[in-house]
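The next block is model_22.cif, given as mmCIF, C-alpha atoms and all ligand atoms.
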```cif
data_protein
#
loop_
_atom_site.label_atom_id
_atom_site.label_comp_id
_atom_site.auth_asym_id
_atom_site.auth_seq_id
_atom_site.Cartn_x
_atom_site.Cartn_y
_atom_site.Cartn_z
CA MET Q 23 -21.25 11.62 -2.82
CA ILE Q 24 -21.78 9.91 0.55
CA ILE Q 25 -19.50 10.61 3.52
CA ALA Q 26 -20.05 8.17 6.38
CA ILE Q 27 -19.15 9.05 9.96
CA ASP Q 28 -19.57 6.31 12.55
CA GLY Q 29 -18.56 6.20 16.18
CA PRO Q 30 -19.84 5.96 19.73
CA ALA Q 31 -22.03 8.51 21.53
CA GLY Q 32 -20.20 11.75 22.24
CA SER Q 33 -17.30 11.12 19.87
CA GLY Q 34 -17.97 14.37 17.99
CA LYS Q 35 -19.82 13.00 14.96
CA THR Q 36 -22.66 15.51 15.11
CA THR Q 37 -20.56 18.63 15.61
CA ILE Q 38 -18.04 17.73 12.92
CA GLY Q 39 -20.63 16.21 10.59
CA ARG Q 40 -22.63 19.43 10.65
CA MET Q 41 -19.55 21.55 9.90
CA VAL Q 42 -18.52 19.28 7.02
CA ALA Q 43 -22.04 19.24 5.54
CA ASP Q 44 -22.20 23.03 5.85
CA ALA Q 45 -18.81 23.54 4.23
CA LEU Q 46 -19.68 21.27 1.28
CA GLY Q 47 -23.34 22.26 0.92
CA PHE Q 48 -24.34 18.62 1.59
CA ALA Q 49 -27.35 17.25 3.45
CA LEU Q 50 -26.77 15.96 6.99
CA VAL Q 51 -28.49 12.71 7.95
CA ASP Q 52 -28.33 11.72 11.61
CA THR Q 53 -29.50 8.10 11.51
CA GLY Q 54 -29.79 7.85 15.30
CA LEU Q 55 -33.02 9.83 14.84
CA PHE Q 56 -34.69 6.82 13.19
CA TYR Q 57 -34.07 4.67 16.27
CA ARG Q 58 -35.15 7.54 18.47
CA ALA Q 59 -38.39 7.93 16.47
CA VAL Q 60 -39.26 4.25 16.86
CA THR Q 61 -38.55 4.44 20.60
CA VAL Q 62 -40.62 7.59 21.15
CA GLU Q 63 -43.57 6.13 19.26
CA ALA Q 64 -43.35 2.76 21.03
CA ARG Q 65 -43.46 4.52 24.39
CA ARG Q 66 -46.38 6.67 23.29
CA ARG Q 67 -48.33 3.61 22.20
CA GLY Q 68 -47.30 1.62 25.30
CA ILE Q 69 -45.45 -1.05 23.31
CA ALA Q 70 -42.64 -2.77 25.24
CA PRO Q 71 -39.24 -3.28 23.55
CA GLU Q 72 -39.77 -7.07 23.93
CA ASP Q 73 -42.95 -7.01 21.88
CA VAL Q 74 -41.17 -7.32 18.56
CA ALA Q 75 -44.27 -8.25 16.55
CA ALA Q 76 -46.11 -5.12 17.73
CA LEU Q 77 -43.02 -2.98 17.04
CA ILE Q 78 -42.78 -4.34 13.49
CA ARG Q 79 -46.45 -3.52 12.88
CA MET Q 80 -45.93 -0.08 14.37
CA VAL Q 81 -42.91 0.73 12.16
CA GLY Q 82 -44.91 -0.33 9.12
CA SER Q 83 -47.66 2.10 10.01
CA MET Q 84 -45.72 5.22 11.00
CA ARG Q 85 -44.15 7.95 8.92
CA ILE Q 86 -40.76 9.21 10.08
CA ASP Q 87 -39.54 12.56 8.75
CA VAL Q 88 -35.98 13.55 9.51
CA SER Q 89 -34.71 17.01 8.65
CA THR Q 90 -31.50 16.88 6.64
CA ALA Q 91 -30.71 20.61 6.71
CA PRO Q 92 -27.30 20.86 8.39
CA SER Q 93 -27.76 24.14 10.22
CA GLY Q 94 -30.94 24.62 12.18
CA GLU Q 95 -33.42 25.73 9.52
CA PRO Q 96 -36.94 26.36 10.71
CA GLY Q 97 -39.06 23.26 11.00
CA PRO Q 98 -38.80 20.16 13.17
CA LEU Q 99 -35.67 18.02 13.28
CA LEU Q 100 -37.79 14.89 13.69
CA SER Q 101 -41.47 14.22 13.23
CA ILE Q 102 -43.69 11.18 13.39
CA ASP Q 103 -46.87 11.27 11.30
CA GLY Q 104 -46.51 15.05 11.16
CA ARG Q 105 -46.05 15.50 14.95
CA ASP Q 106 -42.85 17.25 16.02
CA VAL Q 107 -41.06 14.92 18.48
CA SER Q 108 -37.62 16.55 18.38
CA ARG Q 109 -37.62 17.20 22.11
CA GLU Q 110 -38.82 13.78 23.30
CA ALA Q 111 -36.30 12.18 20.96
CA HIS Q 112 -33.42 13.50 23.06
CA ASP Q 113 -35.01 13.00 26.47
CA PRO Q 114 -32.54 10.95 28.58
CA ALA Q 115 -35.58 9.04 29.96
CA ILE Q 116 -35.83 7.07 26.71
CA ALA Q 117 -32.20 5.82 26.87
CA ALA Q 118 -32.85 2.29 28.16
CA ASP Q 119 -35.65 1.54 25.67
CA LEU Q 120 -33.60 3.12 22.86
CA SER Q 121 -30.71 0.79 23.50
CA ARG Q 122 -32.95 -2.27 23.53
CA ILE Q 123 -34.84 -1.29 20.39
CA ALA Q 124 -31.59 -0.54 18.50
CA GLN Q 125 -30.53 -4.13 19.18
CA LEU Q 126 -33.51 -5.74 17.46
CA PRO Q 127 -32.45 -7.19 14.09
CA GLU Q 128 -36.00 -6.99 12.69
CA ILE Q 129 -36.27 -3.28 13.47
CA ARG Q 130 -32.77 -2.54 12.17
CA ARG Q 131 -33.68 -4.26 8.92
CA LEU Q 132 -36.89 -2.21 8.54
CA LEU Q 133 -34.94 1.02 9.03
CA VAL Q 134 -32.28 0.36 6.38
CA GLU Q 135 -34.32 1.61 3.42
CA PRO Q 136 -35.71 4.75 5.11
CA GLN Q 137 -32.13 5.68 6.09
CA ARG Q 138 -30.85 5.15 2.55
CA ARG Q 139 -33.74 7.12 1.08
CA SER Q 140 -33.16 10.07 3.38
CA ALA Q 141 -29.55 10.34 2.17
CA ARG Q 142 -30.07 10.52 -1.56
CA GLY Q 143 -27.55 12.67 -3.42
CA ASP Q 144 -24.72 14.38 -1.56
CA ALA Q 145 -24.85 13.72 2.17
CA VAL Q 146 -22.87 13.37 5.36
CA VAL Q 147 -24.41 10.39 7.16
CA LEU Q 148 -23.88 9.86 10.90
CA GLY Q 149 -24.43 6.61 12.81
CA ARG Q 150 -22.96 3.35 14.04
CA ASP Q 151 -23.19 1.08 10.99
CA ILE Q 152 -23.15 3.50 8.05
CA GLY Q 153 -19.83 2.35 6.62
CA THR Q 154 -20.57 -1.33 7.27
CA VAL Q 155 -24.30 -1.77 6.52
CA ILE Q 156 -26.20 1.30 5.33
CA PHE Q 157 -23.66 2.64 2.82
CA PRO Q 158 -20.89 0.07 2.41
CA GLU Q 159 -20.05 1.83 -0.87
CA ALA Q 160 -19.71 5.29 0.73
CA ASP Q 161 -17.16 7.51 -1.01
CA GLN Q 162 -15.32 8.13 2.24
CA LYS Q 163 -15.73 6.52 5.66
CA PHE Q 164 -14.62 7.88 8.99
CA PHE Q 165 -14.74 6.21 12.38
CA PHE Q 166 -14.45 8.57 15.34
CA THR Q 167 -13.07 7.46 18.69
CA ALA Q 168 -12.69 9.14 22.09
CA PRO Q 169 -12.31 7.73 25.60
CA ALA Q 170 -15.53 7.50 27.66
CA ALA Q 171 -14.41 10.19 30.13
CA GLU Q 172 -13.92 12.74 27.35
CA ARG Q 173 -17.26 11.84 25.78
CA VAL Q 174 -18.97 12.32 29.15
CA ALA Q 175 -17.32 15.75 29.50
CA ARG Q 176 -18.62 16.74 26.05
CA ARG Q 177 -22.14 15.59 26.86
CA ARG Q 178 -21.94 17.57 30.10
CA ARG Q 179 -21.01 20.75 28.22
CA GLU Q 180 -23.85 20.17 25.73
CA LEU Q 181 -26.37 19.68 28.53
CA ASP Q 182 -25.12 22.74 30.40
CA ARG Q 183 -25.49 24.82 27.26
CA ALA Q 184 -28.99 23.47 26.75
CA GLY Q 185 -30.05 24.83 30.14
CA GLY Q 186 -28.66 22.48 32.75
CA ASN Q 187 -29.46 18.97 33.81
CA ALA Q 188 -29.23 17.34 37.21
CA THR Q 189 -27.59 14.12 35.97
CA SER Q 190 -24.27 13.46 37.69
CA ASP Q 191 -21.11 12.68 35.71
CA ALA Q 192 -20.96 9.23 37.31
CA LEU Q 193 -24.48 8.47 36.11
CA MET Q 194 -23.76 9.79 32.63
CA GLU Q 195 -20.58 7.73 32.44
CA GLN Q 196 -22.57 4.63 33.44
CA GLU Q 197 -25.18 5.39 30.80
CA ILE Q 198 -22.64 6.00 28.03
CA ASP Q 199 -20.79 2.86 29.08
CA ALA Q 200 -23.98 0.77 28.97
CA ARG Q 201 -24.89 2.20 25.56
CA ASP Q 202 -21.39 1.58 24.16
CA ARG Q 203 -21.47 -2.00 25.35
CA ALA Q 204 -24.96 -2.62 23.92
CA ASP Q 205 -23.92 -1.05 20.58
CA GLN Q 206 -20.65 -3.00 20.38
CA GLU Q 207 -21.93 -6.36 21.53
CA ARG Q 208 -25.14 -6.70 19.54
CA ASP Q 209 -25.14 -9.47 16.92
CA VAL Q 210 -26.52 -7.40 14.08
CA ALA Q 211 -24.61 -4.37 12.77
CA PRO Q 212 -22.50 -3.80 15.87
CA LEU Q 213 -20.58 -0.57 16.30
CA ARG Q 214 -17.37 -1.39 14.46
CA ALA Q 215 -15.12 0.47 12.06
CA ALA Q 216 -15.40 -0.65 8.43
CA THR Q 217 -12.10 -2.11 7.21
CA ASP Q 218 -11.74 0.80 4.80
CA ALA Q 219 -12.67 3.53 7.32
CA ILE Q 220 -10.23 6.24 8.37
CA ILE Q 221 -9.94 6.17 12.15
CA VAL Q 222 -10.11 9.65 13.65
CA ALA Q 223 -8.98 9.74 17.29
CA THR Q 224 -10.57 12.93 18.58
CA GLU Q 225 -9.07 12.79 22.09
CA GLY Q 226 -7.43 16.05 23.09
CA LYS Q 227 -8.12 17.68 19.72
CA SER Q 228 -10.09 20.86 19.17
CA VAL Q 229 -13.19 20.88 16.97
CA ARG Q 230 -11.20 22.82 14.39
CA GLN Q 231 -8.40 20.25 14.34
CA VAL Q 232 -10.82 17.34 13.80
CA PHE Q 233 -12.69 19.28 11.12
CA ASP Q 234 -9.43 20.04 9.26
CA GLU Q 235 -8.34 16.42 9.54
CA VAL Q 236 -11.62 15.21 8.00
CA MET Q 237 -11.66 17.82 5.23
CA ALA Q 238 -8.07 16.96 4.28
CA ARG Q 239 -9.03 13.30 3.77
CA LEU Q 240 -12.03 13.86 1.53
CA PRO Q 241 -11.86 12.71 -2.05
CA LYS Q 242 -11.58 15.65 -4.43
CA HIS Q 243 -14.73 16.26 -6.44
O1 LIG V 301 -26.46 8.67 17.68
P1 LIG V 301 -27.60 8.60 18.69
O2 LIG V 301 -27.15 8.72 20.12
O3 LIG V 301 -28.72 9.53 18.38
O4 LIG V 301 -28.17 7.10 18.52
C1 LIG V 301 -29.28 6.65 19.24
C2 LIG V 301 -29.24 5.13 19.40
O5 LIG V 301 -29.43 4.49 18.16
C3 LIG V 301 -27.92 4.59 19.98
O6 LIG V 301 -28.20 3.73 21.08
C4 LIG V 301 -27.32 3.76 18.90
C5 LIG V 301 -28.43 3.54 17.90
N1 LIG V 301 -27.99 3.71 16.53
C6 LIG V 301 -27.67 2.57 15.84
O7 LIG V 301 -27.72 1.49 16.40
N2 LIG V 301 -27.32 2.66 14.52
C7 LIG V 301 -27.23 3.86 13.92
N3 LIG V 301 -26.87 3.92 12.63
C8 LIG V 301 -27.52 5.04 14.64
C9 LIG V 301 -27.90 4.93 15.96
#
```
Once more with this new file: its structure as C-alpha cells, please.
Amino acid sequence: MIIAIDGPAGSGKTTIGRMVADALGFALVDTGLFYRAVTVEARRRGIAPEDVAALIRMVGSMRIDVSTAPSGEPGPLLSIDGRDVSREAHDPAIAADLSRIAQLPEIRRLLVEPQRRSARGDAVVLGRDIGTVIFPEADQKFFFTAPAAERVARRRRELDRAGGNATSDALMEQEIDARDRADQERDVAPLRAATDAIIVATEGKSVRQVFDEVMARLPKH
C-alpha cells in the first residue's frame, strides 16, 4: 500500500509521515532527499545548476541511498556512493541551488524511477508530486497546507531544537516564500494537489490532531 503526502516546506509532512509509518509498520520515503543528494553532489563536483548536460551525466554516475526506516535507526539517512551526506543535505546554504535543480525537467525525469524503487511495498511517501507524478495510483493521497507564517514558526522550532541557528524569521520567511513559488510555478510536476487528494489544513492543529485526521482517512487493510 502506498500513502502519498504532498505539500509545501514546513507543512508537517515529515512529522506526521513518520508517525503514520511508525504506527502502520510501513517504510518512510522522503523524496526531497533525492533532490538534496543531487544538489550536494553537484556542489561537491563544482557543477552549476545551469549545466544540465553535466548534471545528467553526474546523476547517471552516482548512487543515492536513502534510508526508509521511519524512526532514526542507526546508519545514515542519505548517502552518495557510500558517503554519508545527511548533514550537508539539510544545510540551508544549499537552498538556492536545490530550488533550481528541482526545477529541471531532465533531472526530475531521471529521479522518478529511483523514487519509485525506494518505495516498494508498504510505504508512506513524502514530496511535492507524489500523488500527481510518482505514484498517481497511490492508495491514499493527502495534501497538507499551512500558511507561510506558521510554517516559518515550525522551522524555527526545529532549528532551535537542533542547536540554534542565526537565521532571522524574516529571512526564513523569504526563503520559504521563494521555495514555494519555485515549486508551484515550475512547468514540470509543480506543487499541486492531485484531484483525488484529501486536503489537510494543518493550521492551528496539534500534531496529534493532524495524525488522527490522517489515520481516520486511511483505507482499511
Ligand atoms: O521536502 P524537502 O524540503 O526536503 O525538498 C527539497 C526540495 O526538493 C524542495 O525545493 C522541493 C523539491 N522536491 C520536489 O520538487 N519534489 C519532490 N517530490 C520532493 C522535493
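Across Q:Ala211, Q:Val88, Q:Lys242, Q:Ala118, the tightest approach to Q:Gly104 is made by Q:Val88 when counting only C-alpha atoms.
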Protein and nucleic acid residues within 10 Å of ligand LIG 301 (chain V) (only C-alpha atoms and all ligand atoms) as a VMD selection string: chain Q and resid 27 to 33 35 to 36 52 to 61 111 to 112 116 to 126 130 133 to 134 137 147 to 156 198 200 to 206 208 210 to 213
Protein and nucleic acid residues near (-13.1, 6.1, 8.5) (cut-off 8 Å, all atoms listed in the file) as a list in words: Ala26, Ile27, Asp28, Gly153, Gln162, Lys163, Phe164, Phe165, Phe166, Ala215, Ala216, Asp218, Ala219, Ile220, Ile221 and Val222 of chain Q
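Protein, DNA and RNA residues at most 6 Å from (-40.1, -5.2, 14.4), with only C-alpha atoms, are these: Val74, Ala75, Leu77, Ile78, Glu128 and Ile129 of chain Q.
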Atom pair atom CA of Q:Asp87 / atom CA of Q:Ala70: separation (Å):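 These atoms are spaced 22.7 Å apart.
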Separation of atom CA of Q:Gly39 from atom CA of Q:Ala160 in Å: 14.7 Å
Pairwise distance for atom CA of Q:Gly97 and atom CA of Q:Gly143, rounded to one decimal in Å: 21.3 Å
For Q:Ser89, list every protein, DNA or RNA residue within 8 Å, evaluated using all atoms listed in the file, and leave out those in the same chain fewer than 5 positions away; present the list as an mmCIF file with C-alpha atoms, keeping the file's coordinate frame.
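As written to disk, around-v6.cif reads:
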```cif
data_model
loop_
_atom_site.group_PDB
_atom_site.id
_atom_site.type_symbol
_atom_site.label_atom_id
_atom_site.label_comp_id
_atom_site.auth_asym_id
_atom_site.auth_seq_id
_atom_site.Cartn_x
_atom_site.Cartn_y
_atom_site.Cartn_z
ATOM 1 C CA VAL Q 51 -28.490 12.710 7.950
ATOM 2 C CA GLY Q 97 -39.060 23.260 11.000
ATOM 3 C CA PRO Q 98 -38.800 20.160 13.170
ATOM 4 C CA LEU Q 99 -35.670 18.020 13.280
ATOM 5 C CA LEU Q 100 -37.790 14.890 13.690
#
```
Counting only C-alpha atoms, the residue of Q:Val107, Q:Thr217, Q:Val146, Q:Ala49 that sits nearest Q:Val236: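 Looking only at the distances to Q:Val236, the closest residue turns out to be Q:Val146.
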Residue nearest Q:Leu240 - candidates Q:Ile38, Q:Asp161, Q:Glu72, Q:Val81, atoms counted: all atoms listed in the file: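 The answer is Q:Asp161, which sits nearest to Q:Leu240.
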Proximity to Q:Ser83 - best of Q:Gly68, Q:Ser101, Q:Glu63, Q:Arg230, only C-alpha atoms: Q:Glu63
For stretch 156-190 of chain Q, supply N, CA and C atoms and report the output as an mmCIF file, keeping the file's coordinate frame.
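Just written: result_31.cif:
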```
data_model
loop_
_atom_site.group_PDB
_atom_site.id
_atom_site.type_symbol
_atom_site.label_atom_id
_atom_site.label_comp_id
_atom_site.auth_asym_id
_atom_site.auth_seq_id
_atom_site.Cartn_x
_atom_site.Cartn_y
_atom_site.Cartn_z
ATOM 1 N N ILE Q 156 -25.269 0.406 6.043
ATOM 2 C CA ILE Q 156 -26.200 1.300 5.330
ATOM 3 C C ILE Q 156 -25.590 1.766 4.007
ATOM 4 N N PHE Q 157 -24.347 2.224 4.050
ATOM 5 C CA PHE Q 157 -23.660 2.640 2.820
ATOM 6 C C PHE Q 157 -22.270 2.016 2.736
ATOM 7 N N PRO Q 158 -22.220 0.696 2.501
ATOM 8 C CA PRO Q 158 -20.890 0.070 2.410
ATOM 9 C C PRO Q 158 -20.068 0.622 1.237
ATOM 10 N N GLU Q 159 -20.763 1.258 0.282
ATOM 11 C CA GLU Q 159 -20.050 1.830 -0.870
ATOM 12 C C GLU Q 159 -19.806 3.328 -0.702
ATOM 13 N N ALA Q 160 -19.911 3.848 0.508
ATOM 14 C CA ALA Q 160 -19.710 5.290 0.730
ATOM 15 C C ALA Q 160 -18.390 5.749 0.121
ATOM 16 N N ASP Q 161 -18.364 6.997 -0.356
ATOM 17 C CA ASP Q 161 -17.160 7.510 -1.010
ATOM 18 C C ASP Q 161 -16.006 7.678 -0.036
ATOM 19 N N GLN Q 162 -16.352 8.061 1.210
ATOM 20 C CA GLN Q 162 -15.320 8.130 2.240
ATOM 21 C C GLN Q 162 -15.954 7.748 3.572
ATOM 22 N N LYS Q 163 -15.213 6.967 4.363
ATOM 23 C CA LYS Q 163 -15.730 6.520 5.660
ATOM 24 C C LYS Q 163 -14.791 6.948 6.769
ATOM 25 N N PHE Q 164 -15.398 7.508 7.813
ATOM 26 C CA PHE Q 164 -14.620 7.880 8.990
ATOM 27 C C PHE Q 164 -15.184 7.133 10.190
ATOM 28 N N PHE Q 165 -14.293 6.801 11.120
ATOM 29 C CA PHE Q 165 -14.740 6.210 12.380
ATOM 30 C C PHE Q 165 -14.093 7.000 13.502
ATOM 31 N N PHE Q 166 -14.945 7.685 14.278
ATOM 32 C CA PHE Q 166 -14.450 8.570 15.340
ATOM 33 C C PHE Q 166 -14.298 7.786 16.646
ATOM 34 N N THR Q 167 -13.232 8.063 17.366
ATOM 35 C CA THR Q 167 -13.070 7.460 18.690
ATOM 36 C C THR Q 167 -12.739 8.541 19.703
ATOM 37 N N ALA Q 168 -13.084 8.282 20.963
ATOM 38 C CA ALA Q 168 -12.690 9.140 22.090
ATOM 39 C C ALA Q 168 -12.935 8.325 23.345
ATOM 40 N N PRO Q 169 -12.085 8.476 24.359
ATOM 41 C CA PRO Q 169 -12.310 7.730 25.600
ATOM 42 C C PRO Q 169 -13.610 8.151 26.272
ATOM 43 N N ALA Q 170 -14.219 7.227 27.037
ATOM 44 C CA ALA Q 170 -15.530 7.500 27.660
ATOM 45 C C ALA Q 170 -15.510 8.781 28.492
ATOM 46 N N ALA Q 171 -14.433 9.008 29.244
ATOM 47 C CA ALA Q 171 -14.410 10.190 30.130
ATOM 48 C C ALA Q 171 -14.519 11.475 29.318
ATOM 49 N N GLU Q 172 -13.855 11.525 28.178
ATOM 50 C CA GLU Q 172 -13.920 12.740 27.350
ATOM 51 C C GLU Q 172 -15.312 12.890 26.740
ATOM 52 N N ARG Q 173 -15.921 11.765 26.384
ATOM 53 C CA ARG Q 173 -17.260 11.840 25.780
ATOM 54 C C ARG Q 173 -18.285 12.291 26.825
ATOM 55 N N VAL Q 174 -18.088 11.865 28.066
ATOM 56 C CA VAL Q 174 -18.970 12.320 29.150
ATOM 57 C C VAL Q 174 -18.813 13.833 29.332
ATOM 58 N N ALA Q 175 -17.567 14.314 29.314
ATOM 59 C CA ALA Q 175 -17.320 15.750 29.500
ATOM 60 C C ALA Q 175 -17.990 16.562 28.391
ATOM 61 N N ARG Q 176 -17.959 16.028 27.158
ATOM 62 C CA ARG Q 176 -18.620 16.740 26.050
ATOM 63 C C ARG Q 176 -20.122 16.791 26.240
ATOM 64 N N ARG Q 177 -20.695 15.636 26.613
ATOM 65 C CA ARG Q 177 -22.140 15.590 26.860
ATOM 66 C C ARG Q 177 -22.529 16.585 27.950
ATOM 67 N N ARG Q 178 -21.683 16.653 28.981
ATOM 68 C CA ARG Q 178 -21.940 17.570 30.100
ATOM 69 C C ARG Q 178 -21.993 19.007 29.589
ATOM 70 N N ARG Q 179 -21.038 19.384 28.756
ATOM 71 C CA ARG Q 179 -21.010 20.750 28.220
ATOM 72 C C ARG Q 179 -22.257 21.021 27.373
ATOM 73 N N GLU Q 180 -22.642 20.020 26.560
ATOM 74 C CA GLU Q 180 -23.850 20.170 25.730
ATOM 75 C C GLU Q 180 -25.071 20.402 26.603
ATOM 76 N N LEU Q 181 -25.205 19.571 27.644
ATOM 77 C CA LEU Q 181 -26.370 19.680 28.530
ATOM 78 C C LEU Q 181 -26.382 21.016 29.245
ATOM 79 N N ASP Q 182 -25.201 21.458 29.698
ATOM 80 C CA ASP Q 182 -25.120 22.740 30.400
ATOM 81 C C ASP Q 182 -25.560 23.868 29.481
ATOM 82 N N ARG Q 183 -25.103 23.786 28.234
ATOM 83 C CA ARG Q 183 -25.490 24.820 27.260
ATOM 84 C C ARG Q 183 -26.982 24.803 27.022
ATOM 85 N N ALA Q 184 -27.559 23.610 27.047
ATOM 86 C CA ALA Q 184 -28.990 23.470 26.750
ATOM 87 C C ALA Q 184 -29.855 23.846 27.954
ATOM 88 N N GLY Q 185 -29.241 24.329 29.023
ATOM 89 C CA GLY Q 185 -30.050 24.830 30.140
ATOM 90 C C GLY Q 185 -29.948 23.991 31.398
ATOM 91 N N GLY Q 186 -28.905 23.186 31.500
ATOM 92 C CA GLY Q 186 -28.660 22.480 32.750
ATOM 93 C C GLY Q 186 -29.435 21.183 32.870
ATOM 94 N N ASN Q 187 -28.868 20.285 33.633
ATOM 95 C CA ASN Q 187 -29.460 18.970 33.810
ATOM 96 C C ASN Q 187 -28.858 18.402 35.078
ATOM 97 N N ALA Q 188 -29.679 17.767 35.889
ATOM 98 C CA ALA Q 188 -29.230 17.340 37.210
ATOM 99 C C ALA Q 188 -28.405 16.052 37.186
ATOM 100 N N THR Q 189 -28.293 15.405 36.029
ATOM 101 C CA THR Q 189 -27.590 14.120 35.970
ATOM 102 C C THR Q 189 -26.135 14.266 36.382
ATOM 103 N N SER Q 190 -25.665 13.376 37.266
ATOM 104 C CA SER Q 190 -24.270 13.460 37.690
ATOM 105 C C SER Q 190 -23.358 12.858 36.622
#
```
